[in-house]
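One structure is given below, encoded as structure tokens.
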Amino acid sequence: MNADGLANVLKHTYIGDDQQRRAAEAAIKKYERMQGYPGTLLQIVVMDRFPFPVRQSATILLKNMVVRHWTVKKKLHENSIVIGEKDRGVIKRNLLEAIVTQSRQQIRVQLLECLHQVCRTDFPKNYPFLLKEIMKNIHSKKPQRIYGALCALRQVFKNYHFRAEKDRRYLPTLVESTFPTLIQIITAVLKSKLNQDSYEMVRMLIKIFRIATYLSMPDYLKNPANLGPWMQALVKVVESPIVGVSNIPSDRKELTSIPQIKCKKWALRSFLNIHKRFGQEVLVSGPMKNFARMFDKTFNKPLLGAVLGVLKSMTKGAPVTDKMIQTCFQYVSSVINHAHLYQLVRPHLKFLLHEAVLGCLCLTPGDIRQWREDPAEYIRRESDLMEEYDDPRFTASEFLVELIRIRTKDALPLTMNTMTAIFKQYAQSPPDRRNYRQKEAAMRMLQSVAKLMLSQEKFYMFIEQTIQAHVLPEFKSNTGFMQARACAVVGAYIKLDYKNGDAFREAVQSVCRCLTSKELPLKLQAVKAMSRVVKSPEGVQHIKPWLKNVLAEYFKLIDDVPNEEVVETLEILVAHVKDEIGPFAVQIAQRMVKLFFKIITNASADEDENAFTALQCLRVLNTLLHVLAPLKDNAEVFRQLCMVYQPIIQRCLKPDTHEFLEDTLDLIGALVSFCSEMYPFLWALIPEITKRYKIATDHAQNVVVCLGKYVAYGGLAKKPDMVKEMLSMVHWTFHPSFPSGQGPTDPVVIARDMLVPSQYSAKLVTILLLHIGSKIQHHIPQISELVIKKLSETIKLQTALKKQPKDDVEYELAKAENLIILLIESMSAAMYRNPELFLQALSKMGCTTAVFKVWMSSREKMREMPSCLQLSILGLQSLSILPPSKLPKELMGSDRVLLHLLNASVGQLTELKAQEEKEANDGDTDDDGDDDDDDSEQEIEKFEDIDGNKDAICEADMEEFKGLAERIKNAFIYEDGAHRDEYLDEFFNEPLYQVDKFAFFARCFDVFPKANPQAYNAWKSVLNGQQKATIQKLAAEGKMRATEEQKGNQQ
């Protein structure tokens, strides 16, 4: 392929003539399938005689082709593009040379991405000469080639950055081959006369070092003789003054363009990574403990000195980026856990608290300017979680809290004195000389430590006096950001037990007044504070007179700033002023529906933020229903709400609103539960729900909970078509079929993917049988056949999974085992409702013996699932009331299967009795805790107050963390799914409670001798004395409960 001809085509891809451009683009598509095309693109890239735009186009096309097609070795379909072996060879032989000779950064970046993709699949096995060529260029003594080779080497290392340990086996070899040369280069560069170009090379070397040490410490670097020069170089980079920059930007965000600043940032992040992952003896195990001791003894002191030096330079106005400040605080926060390192920090505590933390917490001139000139952007930034994550003020606050929590005796008095001194200085200064930013930072400091200070009553007086004397006066300030910080402090200390009720009332009403401000950031902060105030019963009493105005201001703010946080605070307000919200319910609902449609209709750049806000609208609507449900005379309000909710529900069941499905189903379920009348549109939703379910099986739990509401509260028995619709959904779940190209085709893959949805479908079957089973008995044969077939398939899947490595299928095995139990639960419910029809289905399918064998082998697992245990008892006991003519021959044969089943039910009833007694005993010994405060765990932290000469973490703590991690893993593997889903409990507790299992056993025990005397006599003959006594005791217990139940009904 001719380079000049292809370059001419590329030139026409960016000209203004549409016809010529489309023709050129069509020609490119043809060339993509021709041999020699990738090599010709690379040839154009390296030839300076072609214009830069043409070379850049060639680079981008080459990068896209490599990224998309390098991993494709053979044609998968007619349109597949495969890069031939000859072209692959050309690229691998010439790509590095193109990189090291390239002076244009825009082109080099694209070529490096090509190299990264090639290395991912070919290095080192199919690209063996690459490393040798890279090192050859590094030794060339030509700066451009050295820098280009270092960039290429970084791409090689990047292949191992986040790989699993088994995929990083070549990394130690790579380190040993390159690091002796790399340390020589960085040492030589740092000794030379430095400029910003030199620092670009240093930055690349530091990034290579960080990648090599990110997840594991290579053996080469475990030797202090090899690691030492690197750490010295990193410290030197961090401590070096800025050189070669004439105009240093005042904005921290603009500092990131300076190469030397970038070097400092990556050096600090390398410090932090090695220290946190490998440098703390208590956190590592095995041979790494020796390395941790060596690192701690040799390097932590100089590293800490460099970190403190950065913080000191920050307080003096030196150029320091946000990420550098964050990293420094994170490092010191880790260091204070260790007594010997804390002793090095201790002399600097006053500086850290009074200068570093306080200085970092101050609003910048840019913040104040943005507050005034671009309040909408200020609000967006303050509400953005990622912005908060990158904000050094957040990290400084976390460090402050951690320091006070762990080293209380040293840090708390210093912090309190610092705040008090600033407050007094501010109060004593003339108004025109007051340092507003410093006081705002001190108030932010007070806000940060709220959870700790509220944990001990001895601080309450200090807090109340401070708020009354120094915070509440700021509500009268002419400075908006001071009022906003006052709102934040009041919200943070809303749980404070104020001795002065007037001060508390003033605080709450001041927050309400701030809602009427014309400054949007202040209104938003008042809204945030209000979301905490309403959680206080005393606060609610002070808000009630203002409620109408408060809601009006909320609506205005939602119009001005329709973000998630504002809508979320409205939800909290609705939930906590529930007794007063009735008159405003319809208006709130209409506002939320209007905002929802506005958001999804007018998509903007920030789609994620919009989606979260729209989601929060649905949650406000849901909260409204739960708040109104207990109120009297709410039928008319619910009728109006149904009309308001109908369009939003119907819209959210469309396929393009998948992200709202979960909350929409919750909303439907709440309407079905609480409405006094089932409106036609609610019934019409069932087919829509089942239709959506088939393309959203990950929402199986939400779908089944929602449909369960229809069964339990909606009068489903009167709608036979809807019963069929639900059973059709169950059938599809047990035996799914996907349209061509829209799902897996392998039966084993399908069965594995549908394990959890099948669990929930089995639960739906049981819910149907429990609640309306007596009215849908004609469906029992169909249900039984469905469940039995699924049981057989699941057992086969379980057998296949057991042949694979346990680690690969542990999750699926646990899900399959739980599905088997839930299918037995469904069969138990069917047999309890109509044992004759269920047994007929078993006999028809010829699997009576096999099913009951699985049933018996699963008894131990049933003990962990109360509903399954209870239903198994009811189902098995139902066998005793059938005459011999209605029992399958397999149960009446010489092996006495029926008698074994009845004995099993007695054993399960005994187990149930033991569980009831244990629960009764546990209930007697439980402390009566105050559960009124849902978020008490989140609102209070405790002082640990560890002596400065003792470590804050120890081996025992780490063992506890490891145990917790294991429990979390087991909870995910063994407890995730329908068998432990508390949202389904409401559908089982009431119907199972209404049928006393012991009374049912007593009734069956009375009927058994008359219904099947032969089996009864045979059963008695095989029982020993202890078994007979147990049965008599259970029967007596049942008769006693039946008598008590009868008396209760008469009363």
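Residues are referred to by chain and number: the chain letter is A, B, ... according to the order shown in the structure tokens, the number counts from 1 in that chain, and ligands are numbered separately from 1 in the order shown.
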
Contacts of region 554-565 of chain A at 7 Å (only C-alpha atoms; same-chain gap of 6+ positions) as a short mmCIF file (atom, residue, chain, number, x, y, z; two decimals) with C-alpha atoms, in the first residue's frame:
data_model
loop_
_atom_site.label_atom_id
_atom_site.label_comp_id
_atom_site.auth_asym_id
_atom_site.auth_seq_id
_atom_site.Cartn_x
_atom_site.Cartn_y
_atom_site.Cartn_z
CA PHE A 612 -30.05 10.43 41.06
CA THR A 613 -32.34 13.43 41.41
CA GLN A 616 -34.96 10.73 44.76
#

Determine, using only C-alpha atoms, which residues of region 226-281 of chain A have any atom at most 7 Å from an atom of region 313-337 of chain A, and tabulate each with its shortest atom pair and distance in Å to one decimal place, rows ordered by chain and then rising number, as a tab-separated table.
residue	atom	partner	partner_atom	distance
A:Arg252	CA	A:Thr321	CA	5.2
A:Lys253	CA	A:Thr321	CA	6.8
A:Leu255	CA	A:Thr321	CA	6.4
A:Thr256	CA	A:Thr321	CA	7.0
A:Lys265	CA	A:Met324	CA	5.3
A:Leu268	CA	A:Thr327	CA	6.5
A:Arg269	CA	A:Thr327	CA	6.3
A:Leu272	CA	A:Tyr331	CA	5.7

Pick out the residues sitting within 10 Å of Phe1000 (chain A), and hand them over as a list of chain:residue names; count only C-alpha atoms, and ignore anything fewer than 3 positions along from it in its own chain. A:Ile873, A:Leu874, A:Gln877, A:Ser878, A:Val995, A:Asp996, A:Lys997, A:Arg1003, A:Cys1004, A:Phe1005, A:Asp1006, A:Ala1035, A:Gly1038, A:Lys1039, A:Arg1041, A:Ala1042

Pick out the residues sitting within 9 Å of region 679-682 of chain A, and hand them over as JSON, numbers by chain; count only C-alpha atoms, and ignore anything fewer than 4 positions along from it in its own chain. {"A": [639, 642, 646, 668, 671, 672, 675, 686]}

Between A:Phe462, A:Phe351, A:Phe291, A:Phe278, which has the minimum distance to Leu308 (chain A) (counting only C-alpha atoms)?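 For Leu308 (chain A), the nearest of the candidates is A:Phe351.
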
Do you have the CA of Met65 (chain A)-CA of Asp18 (chain A) distance handy?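 Separation between CA of Met65 (chain A) and CA of Asp18 (chain A): 24.1 Å.
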
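Those residues that approach region 223-228 of chain A to within 10 Å, counting only C-alpha atoms, are Phe179, Pro180, Ile183, Pro218, Asp219, Gln232, Ala233, Leu234, Phe291, Met294, Phe295, Thr298 and Phe299 of chain A; same-chain residues fewer than 4 positions away are not listed.
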
So that I can check the surroundings of region 483-497 of chain A, please list as a PyMOL selection string every protein, DNA and RNA residue that reaches within 9 Å of it, counting only C-alpha atoms and ignoring chain neighbours fewer than 2 positions away. chain A and resi 440-441+443-444+446-448+450-451+454+457+460+463-464+467+471-481+499-500+504+507-508+510-511+514+521-533+535-536+539+939

Using N, CA and C atoms, can you write the selected residues to a file as a short mmCIF file (atom, residue, chain, number, x, y, z; two decimals), in the first residue's frame?
data_model
loop_
_atom_site.label_atom_id
_atom_site.label_comp_id
_atom_site.auth_asym_id
_atom_site.auth_seq_id
_atom_site.Cartn_x
_atom_site.Cartn_y
_atom_site.Cartn_z
N GLU A 440 -14.53 31.02 60.05
CA GLU A 440 -15.32 30.02 59.34
C GLU A 440 -14.62 28.67 59.40
N ALA A 441 -13.28 28.68 59.31
CA ALA A 441 -12.52 27.43 59.40
C ALA A 441 -12.61 26.84 60.81
N MET A 443 -15.13 27.24 62.86
CA MET A 443 -16.48 26.68 62.96
C MET A 443 -16.57 25.35 62.22
N ARG A 444 -15.89 25.25 61.09
CA ARG A 444 -15.85 23.97 60.36
C ARG A 444 -15.15 22.90 61.20
N LEU A 446 -15.12 22.83 64.49
CA LEU A 446 -16.11 22.47 65.52
C LEU A 446 -17.14 21.49 64.94
N GLN A 447 -17.56 21.74 63.72
CA GLN A 447 -18.52 20.85 63.05
C GLN A 447 -17.91 19.46 62.83
N SER A 448 -16.64 19.41 62.46
CA SER A 448 -15.99 18.13 62.13
C SER A 448 -15.94 17.18 63.31
N ALA A 450 -18.03 16.93 65.79
CA ALA A 450 -19.33 16.85 66.47
C ALA A 450 -19.62 15.44 66.97
N LYS A 451 -19.38 14.43 66.14
CA LYS A 451 -19.72 13.07 66.55
C LYS A 451 -18.93 12.63 67.78
N LEU A 454 -20.19 14.78 71.00
CA LEU A 454 -21.51 14.38 71.48
C LEU A 454 -21.50 13.04 72.21
N GLU A 457 -21.02 13.54 77.82
CA GLU A 457 -21.81 14.66 78.35
C GLU A 457 -20.93 15.77 78.93
N TYR A 460 -20.82 18.82 76.85
CA TYR A 460 -22.06 19.47 76.41
C TYR A 460 -22.08 20.96 76.78
N ILE A 463 -19.84 22.96 74.48
CA ILE A 463 -20.41 23.09 73.13
C ILE A 463 -21.55 24.10 73.13
N GLU A 464 -22.45 23.97 74.10
CA GLU A 464 -23.60 24.87 74.13
C GLU A 464 -23.16 26.31 74.30
N ILE A 467 -21.61 27.50 70.97
CA ILE A 467 -22.62 27.77 69.95
C ILE A 467 -23.38 29.05 70.26
N VAL A 471 -21.51 31.01 67.54
CA VAL A 471 -22.11 30.50 66.30
C VAL A 471 -23.43 31.20 66.00
N LEU A 472 -24.32 31.26 66.97
CA LEU A 472 -25.63 31.87 66.72
C LEU A 472 -25.52 33.33 66.28
N PRO A 473 -24.57 34.12 66.81
CA PRO A 473 -24.47 35.50 66.32
C PRO A 473 -24.19 35.61 64.82
N GLU A 474 -23.59 34.57 64.24
CA GLU A 474 -23.27 34.63 62.82
C GLU A 474 -24.50 34.56 61.93
N PHE A 475 -25.65 34.15 62.49
CA PHE A 475 -26.88 34.17 61.70
C PHE A 475 -27.28 35.60 61.35
N LYS A 476 -26.74 36.57 62.07
CA LYS A 476 -27.03 37.99 61.79
C LYS A 476 -25.93 38.62 60.94
N SER A 477 -24.96 37.80 60.54
CA SER A 477 -23.85 38.32 59.75
C SER A 477 -24.31 38.72 58.35
N ASN A 478 -23.62 39.69 57.78
CA ASN A 478 -23.90 40.09 56.40
C ASN A 478 -23.18 39.19 55.40
N THR A 479 -22.37 38.29 55.92
CA THR A 479 -21.58 37.41 55.07
C THR A 479 -22.28 36.06 54.93
N GLY A 480 -22.68 35.72 53.73
CA GLY A 480 -23.48 34.51 53.51
C GLY A 480 -22.79 33.24 53.93
N PHE A 481 -21.47 33.14 53.65
CA PHE A 481 -20.82 31.87 53.97
C PHE A 481 -20.66 31.68 55.48
N LYS A 499 -29.36 23.01 77.56
CA LYS A 499 -29.93 23.43 78.85
C LYS A 499 -30.76 24.70 78.68
N ASN A 500 -30.36 25.50 77.73
CA ASN A 500 -31.06 26.74 77.45
C ASN A 500 -32.01 26.51 76.27
N PHE A 504 -31.81 26.88 71.82
CA PHE A 504 -32.14 25.85 70.83
C PHE A 504 -33.22 26.35 69.87
N ALA A 507 -31.72 28.69 67.46
CA ALA A 507 -30.91 28.00 66.46
C ALA A 507 -31.79 27.42 65.35
N VAL A 508 -32.89 26.75 65.73
CA VAL A 508 -33.77 26.12 64.75
C VAL A 508 -34.45 27.18 63.89
N SER A 510 -33.45 30.15 63.28
CA SER A 510 -32.46 30.82 62.43
C SER A 510 -32.20 30.02 61.16
N VAL A 511 -32.16 28.70 61.30
CA VAL A 511 -32.01 27.84 60.12
C VAL A 511 -33.21 28.02 59.20
N CYS A 514 -32.90 31.17 57.25
CA CYS A 514 -31.89 31.09 56.18
C CYS A 514 -32.47 30.47 54.91
N PRO A 521 -26.34 29.25 47.73
CA PRO A 521 -25.52 28.35 48.55
C PRO A 521 -25.95 28.33 50.01
N LEU A 522 -26.37 29.50 50.52
CA LEU A 522 -26.84 29.56 51.91
C LEU A 522 -28.14 28.78 52.06
N LYS A 523 -29.06 28.93 51.11
CA LYS A 523 -30.32 28.18 51.17
C LYS A 523 -30.05 26.68 51.17
N LEU A 524 -29.09 26.25 50.34
CA LEU A 524 -28.77 24.82 50.26
C LEU A 524 -28.22 24.32 51.59
N GLN A 525 -27.34 25.10 52.22
CA GLN A 525 -26.79 24.68 53.50
C GLN A 525 -27.87 24.64 54.57
N ALA A 526 -28.82 25.58 54.50
CA ALA A 526 -29.95 25.56 55.44
C ALA A 526 -30.80 24.32 55.24
N VAL A 527 -30.96 23.90 53.99
CA VAL A 527 -31.71 22.68 53.68
C VAL A 527 -31.01 21.46 54.28
N LYS A 528 -29.69 21.41 54.14
CA LYS A 528 -28.93 20.29 54.72
C LYS A 528 -29.09 20.26 56.24
N ALA A 529 -29.01 21.44 56.85
CA ALA A 529 -29.17 21.51 58.31
C ALA A 529 -30.58 21.09 58.70
N MET A 530 -31.57 21.50 57.91
CA MET A 530 -32.96 21.15 58.20
C MET A 530 -33.17 19.64 58.18
N SER A 531 -32.45 18.93 57.30
CA SER A 531 -32.60 17.47 57.24
C SER A 531 -32.15 16.81 58.53
N ARG A 532 -31.30 17.48 59.30
CA ARG A 532 -30.89 16.97 60.62
C ARG A 532 -31.82 17.47 61.72
N VAL A 533 -32.25 18.74 61.59
CA VAL A 533 -33.12 19.33 62.61
C VAL A 533 -34.41 18.53 62.75
N LYS A 535 -34.97 15.52 62.48
CA LYS A 535 -34.81 14.23 63.15
C LYS A 535 -34.88 14.37 64.66
N SER A 536 -34.88 15.59 65.14
CA SER A 536 -35.01 15.85 66.57
C SER A 536 -36.46 16.16 66.89
N GLY A 539 -36.81 19.68 67.73
CA GLY A 539 -36.66 20.51 66.55
C GLY A 539 -37.93 20.57 65.72
N GLU A 939 -24.32 8.69 63.97
CA GLU A 939 -24.21 10.04 64.51
C GLU A 939 -23.19 10.16 65.64
#

Computed interatomic separation between CA of Lys691 (chain A) and CA of Met729 (chain A) (Å):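 Distance between the two atoms: 8.4 Å.
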
Skip Tyr1016 (chain A) itself and residues of its chain fewer than 4 positions away, then list as an MDAnalysis selection string all residues within 12 Å of it, counting only C-alpha atoms. chainID A and resid 879:884 892 896 898:899 902:903 1004:1012 1020:1023

Convert the current residue selection to file output with N, CA and C atoms, as a tab-separated table (two decimals), in the first residue's frame.
chain	number	residue	atom	x	y	z
A	879	LEU	N	-49.89	-35.84	55.04
A	879	LEU	CA	-49.94	-37.21	54.53
A	879	LEU	C	-50.75	-38.13	55.44
A	880	SER	N	-50.75	-37.81	56.75
A	880	SER	CA	-51.39	-38.72	57.71
A	880	SER	C	-52.90	-38.68	57.65
A	881	ILE	N	-53.49	-37.69	56.99
A	881	ILE	CA	-54.96	-37.60	56.97
A	881	ILE	C	-55.55	-38.18	55.69
A	882	LEU	N	-54.68	-38.71	54.79
A	882	LEU	CA	-55.17	-39.30	53.55
A	882	LEU	C	-55.44	-40.80	53.73
A	883	PRO	N	-56.51	-41.31	53.11
A	883	PRO	CA	-56.75	-42.76	53.15
A	883	PRO	C	-55.74	-43.48	52.25
A	884	PRO	N	-55.55	-44.77	52.43
A	884	PRO	CA	-54.56	-45.52	51.63
A	884	PRO	C	-54.79	-45.39	50.13
A	892	MET	N	-46.47	-46.66	50.44
A	892	MET	CA	-47.12	-47.73	51.22
A	892	MET	C	-46.41	-49.06	51.09
A	896	ARG	N	-41.68	-48.84	53.88
A	896	ARG	CA	-42.34	-47.96	54.86
A	896	ARG	C	-41.89	-46.49	54.73
A	898	LEU	N	-43.73	-43.91	54.08
A	898	LEU	CA	-44.66	-43.03	54.78
A	898	LEU	C	-44.30	-42.88	56.25
A	899	LEU	N	-43.92	-44.01	56.87
A	899	LEU	CA	-43.59	-43.97	58.30
A	899	LEU	C	-42.33	-43.14	58.53
A	902	LEU	N	-43.33	-39.49	58.33
A	902	LEU	CA	-44.03	-39.02	59.54
A	902	LEU	C	-43.05	-38.85	60.70
A	903	ASN	N	-42.11	-39.77	60.83
A	903	ASN	CA	-41.08	-39.62	61.88
A	903	ASN	C	-40.26	-38.35	61.66
A	1004	CYS	N	-54.18	-33.86	63.12
A	1004	CYS	CA	-53.76	-34.97	62.24
A	1004	CYS	C	-53.60	-36.26	63.04
A	1005	PHE	N	-53.07	-36.14	64.26
A	1005	PHE	CA	-52.86	-37.32	65.12
A	1005	PHE	C	-54.19	-37.98	65.48
A	1006	ASP	N	-55.23	-37.16	65.60
A	1006	ASP	CA	-56.57	-37.70	65.89
A	1006	ASP	C	-57.18	-38.37	64.65
A	1007	VAL	N	-56.93	-37.79	63.47
A	1007	VAL	CA	-57.54	-38.30	62.23
A	1007	VAL	C	-56.80	-39.53	61.71
A	1008	PHE	N	-55.52	-39.61	61.92
A	1008	PHE	CA	-54.67	-40.65	61.34
A	1008	PHE	C	-55.21	-42.07	61.58
A	1009	PRO	N	-55.59	-42.46	62.83
A	1009	PRO	CA	-56.06	-43.85	63.05
A	1009	PRO	C	-57.33	-44.17	62.26
A	1010	LYS	N	-58.15	-43.16	62.01
A	1010	LYS	CA	-59.40	-43.41	61.28
A	1010	LYS	C	-59.17	-43.39	59.78
A	1011	ALA	N	-58.32	-42.50	59.32
A	1011	ALA	CA	-58.09	-42.38	57.88
A	1011	ALA	C	-57.25	-43.53	57.33
A	1012	ASN	N	-56.27	-43.98	58.07
A	1012	ASN	CA	-55.36	-45.02	57.57
A	1012	ASN	C	-54.93	-45.90	58.74
A	1020	LYS	N	-47.10	-47.20	64.99
A	1020	LYS	CA	-47.00	-47.40	66.43
A	1020	LYS	C	-46.07	-48.56	66.76
A	1021	SER	N	-46.10	-49.59	65.91
A	1021	SER	CA	-45.31	-50.80	66.21
A	1021	SER	C	-43.81	-50.57	66.11
A	1022	VAL	N	-43.40	-49.57	65.32
A	1022	VAL	CA	-41.95	-49.34	65.14
A	1022	VAL	C	-41.42	-48.24	66.06
A	1023	LEU	N	-42.32	-47.61	66.81
A	1023	LEU	CA	-41.87	-46.54	67.71
A	1023	LEU	C	-41.36	-47.11	69.02

So how many Å separate CA of Ala339 (chain A) and CA of Val235 (chain A), to one decimal? 23.0 Å

If DSSP is run on the backbone, what residues of region 422-494 of chain A are alpha helix (DSSP H)? A reply as a PyMOL selection string would be ideal. chain A and resi 422-428+436-448+450-453+460-466+480-492

Minimum-distance residue to Thr420 (chain A), chosen among A:Leu839, A:Ala469, A:Ile543, A:Ala952 (using only C-alpha atoms): A:Ala469

Which one is closest to Ala98 (chain A): A:Asp666, A:Asp432, A:Asp48, A:Asp167? Count only C-alpha atoms.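 Checking each candidate against Ala98 (chain A), we get A:Asp48 as the closest.
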